[in-house]
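Report on the following structure.
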Amino acid sequence: MNTKKTDARAAPASSQSEPGWLARLRQSDLWYSFMRHRSAQVAAVVLTLLIVTAMIAPWITPQNPFNPAELELWNAELPPIWDERGQWPFILGTDNQGRDILSAILYGSRISVIIGVATVALSLVIGISLGLVAGYFGGWIDNVLMRLGDVLLSVPTILIAILVSAIARTMLPVGLREIGAGAVLVLAITLSAWVQYARTVRAQTSVERRKEYVQAARLLKVPSRRIMLNHILPNTMTPILVAATLNFGMAILTEATLSFLGIGMPPSQPSLGTLIRFGNQYLFSGMWWMVIFPVLQLSLLVVSVNVLGDWLRDALNPKLR
Amino acid sequence: MIVFLIKRLANAALVMLVVALMAFMIFRFVGDPVELMVNEQTTQAERDALRSRLGLDQPVMVQYARFVLNAMQGDFGISYRNQQSVMALIAERFPATMELVLLATLISLVVGVPLGVITAIHRGRWFSESLQFLSIIGVSLPSFVIGILLILVFAVSLGWLPAFGRGEVVQLGWWSTGLLTHSGRMAIILPAVALSFYQITLVMRLVRAEMLEVLRSDFVKFARARGVPARLIHYRHALRNCLMPVVTMTAMNIGALIAFALVTETVFQWPGMGLLFIQAVTFADIPVMAAYLVIVSFIFVALNTIVDIAYAIIDPRLRDANG
């Protein structure tokens with residue numbers, strides 16, 4: 001349904017250069033909708049802020065929280081700065097080893113965001129290519145790929161991710177376990193995340209390939225690969241964009257859950273989930289700041305991603321216009 | 001109908017065979033079980049004897065077939081960690097998880113359905129919009145975060161409810177229940193609420209979407225025109241037409257809730273299957289991991305199949321379309 005609209009816009013855009021992309025963006029329906037949604041704007045600002053501070057963490061934090069040489073034990077267990085026992089520069093307090101919570105959170109967000117982005121990127125590549133192939137060629141390839149997807153979705157996602165990362169950890173040599181932890185997590189989450197993209201792209205592709213412009217391209221002997229990538233793919237991007245945004249939030253959540261369970265990122269390079277796992281162990285010792293601030297950061301991150309995703313889904317849905 | 005039934009069951013059986021293959025592969029990936037059982041002094045002849053007694057000298061396909069046959073009879077071998085039958089370990093933990101999951105499902109329906117109706121009827125009003133916004137937060141907060149926050153407030157600060165364990169349990173045959181004792185009832189509140197949180201938001205959003213659809217339909221307009229009171233239209237006529245998808249989703253999600261319960265169980269140290277599984281993962285106790293995977297997937301697949309078949313019985317159009 002929404003393809004009609006994007007057809008008209010995407011086709012000339014790919015063939016010839018239009019007025020600058022900024023000008024086109026400001027005339028688009030999407031921008032109009034964005035300017036009218038206060039919650040989407042707030043979410044965008046918060047998300048940008050969180051991602052930027054996470055990325056430049058090494059240059060703005062008072063210490064590198066994972067360099068033991070920078071930790072001093074007499075700074076341990078300090079409450080946040082607004083408490084009378086709080087001390088500068090430990091704004092959000094310190095943990096039991098004298099580690100600055102704010103620095104740990106920013107470093108942790110960096111790991112969480114990187115893993116989230118990597119997971120979405122990898123599942124996009126796998127999902128889109130398998131979906132295109134399945135939808136374009138149909139037949140037994142289609143059957144095999146979609147059945148595989150069915151099976152993967154018949155097992156709860158979290159279970160697959162836990163099993164894959166658990167198995168990978170026992171298989172990897174001890175020296176590689178800590179370094180490879182991030183990659184293992186990305187693979188484990190991707191394993192079930194690609195199915196959604198593949199299904200979406202496949203459904204759209206099998207509709208598109210029957211249309212005249214694809215038939216015409218085929219008659220002109222344009223190679224299949226080019227038809228798929230240059231002609232069909234742009235027409236499947238709208239639902240993919242929404243799915244990717246929501247999946248980014250999902251990936252961060254799954255990673256945090258695995259790390260919280262102790263089968264994700266190791267203590268030497270903790271993500272937000274690992275930090276919450278530490279904090280949880282001190283829940284009854286009165287050091288509430290060890291767990292509350294990582295929890296807040298994680299929630300803020302995922303909530304802002306999901307608010308944006310929600311808005312995007314409504315804004316791109318032609319039925320709701 | 002019979003063709004549909006056979007197709008659907010064959011599909012479920014295929015999925016279970018693949019899941020069993022995954023479980024079987026875990027054993028093969030994670031090293032040689034003979035090496036795990038013997039020590040330095042074992043001679044090669046003894047190793048070979050052990051190998052043939054365990055059936056590991058046979059072709060892989062034969063071993064896989066035997067794994068599937070044993071699993072169908074509920075035999076998943078012996079736990080590496082505490083040398084007990086895996087099935088007995090899981091059966092002991094099963095009631096704890098089920099009580100938690102069923103209570104969480106109940107809470108999600110009791111809270112989620114009215115919230116969905118209210119937000120649909122009062123669309124655009126401030127409290128309805130803020131509830132809708134809150135539901136995004138509900139979807140975004142991971143269940144372990146909700147668990148930690150609940151513990152922090154109700155167990156650490158207020159001291160009203162216990163933060164971990166299951167309290168006293170009563171044995172009813174093979175089923176152990178915590179619902180009959182005071183401490184058991186107090187202990188289940190926090191974990192059940194934590195687990196139901198996500199489900200509440202799902203139910204609420206689904207009911208809201210369905211209600212908005214139904215409220216636009218002709219029969220509602222007609223009822224309004226006839227002067228039927230609004231409360232009657234909303235709760236008797238409109239809501240009834242929304243409940244079908246809600247029931248479907250709830251049934252299908254019980255499987256996912258069992259899987260997700262492992263996170264909640266870890267937070268609250270709830271002695272269910274999930275906690276057993278996480279401990280098995282930390283100790284690389286493969287038979288327990290494999291058994292948990294197969295059992296939870298079985299429940300998941302069985303529920304989905306039953307819902308599909310029930311749908312086909314109710315609505316004959318689906319028989320051809322989804323075959």
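In the structure tokens, chains take the letters A, B, ... in the order shown, each chain's residues start at 1, and ligands count up from 1 in the order shown.
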Within 7 Å of chain A, which residues of chain B are there when counting only C-alpha atoms? Please give them as a short mmCIF file (atom, residue, chain, number, x, y, z; two decimals) with C-alpha atoms, in the first residue's frame.
```cif
data_model
loop_
_atom_site.label_atom_id
_atom_site.label_comp_id
_atom_site.auth_asym_id
_atom_site.auth_seq_id
_atom_site.Cartn_x
_atom_site.Cartn_y
_atom_site.Cartn_z
CA VAL B 15 9.91 -28.09 14.60
CA VAL B 30 30.83 -29.29 24.01
CA ILE B 136 5.79 2.23 25.92
CA ILE B 137 7.86 2.47 29.07
CA SER B 140 10.94 -0.91 27.21
CA LEU B 141 11.86 -1.83 30.77
CA PRO B 142 13.53 -5.23 30.93
CA VAL B 145 14.99 -4.01 35.99
CA VAL B 156 14.47 -3.14 51.06
CA ALA B 256 7.23 -17.16 26.06
CA ALA B 259 11.09 -18.81 29.00
CA VAL B 281 24.49 -22.88 32.10
CA SER B 297 10.10 -25.45 23.29
CA VAL B 301 5.06 -25.32 20.13
#
```
Among the residues of segment 119-278 of chain B, find those DSSP assigns to alpha helix (DSSP H) from the backbone and print them as an MDAnalysis selection string.
chainID B and resid 119:121 126:140 143:150 182:215 218:226 230:232 239:268 273:278
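Between atom CA of Phe67 of chain B and atom CA of Ala284 of chain B lies a distance of 19.0 Å.
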If you count only C-alpha atoms, the residue of B:Tyr311, B:Phe154, B:Trp126, B:Tyr80 closest to Pro191 of chain B turns out to be B:Phe154
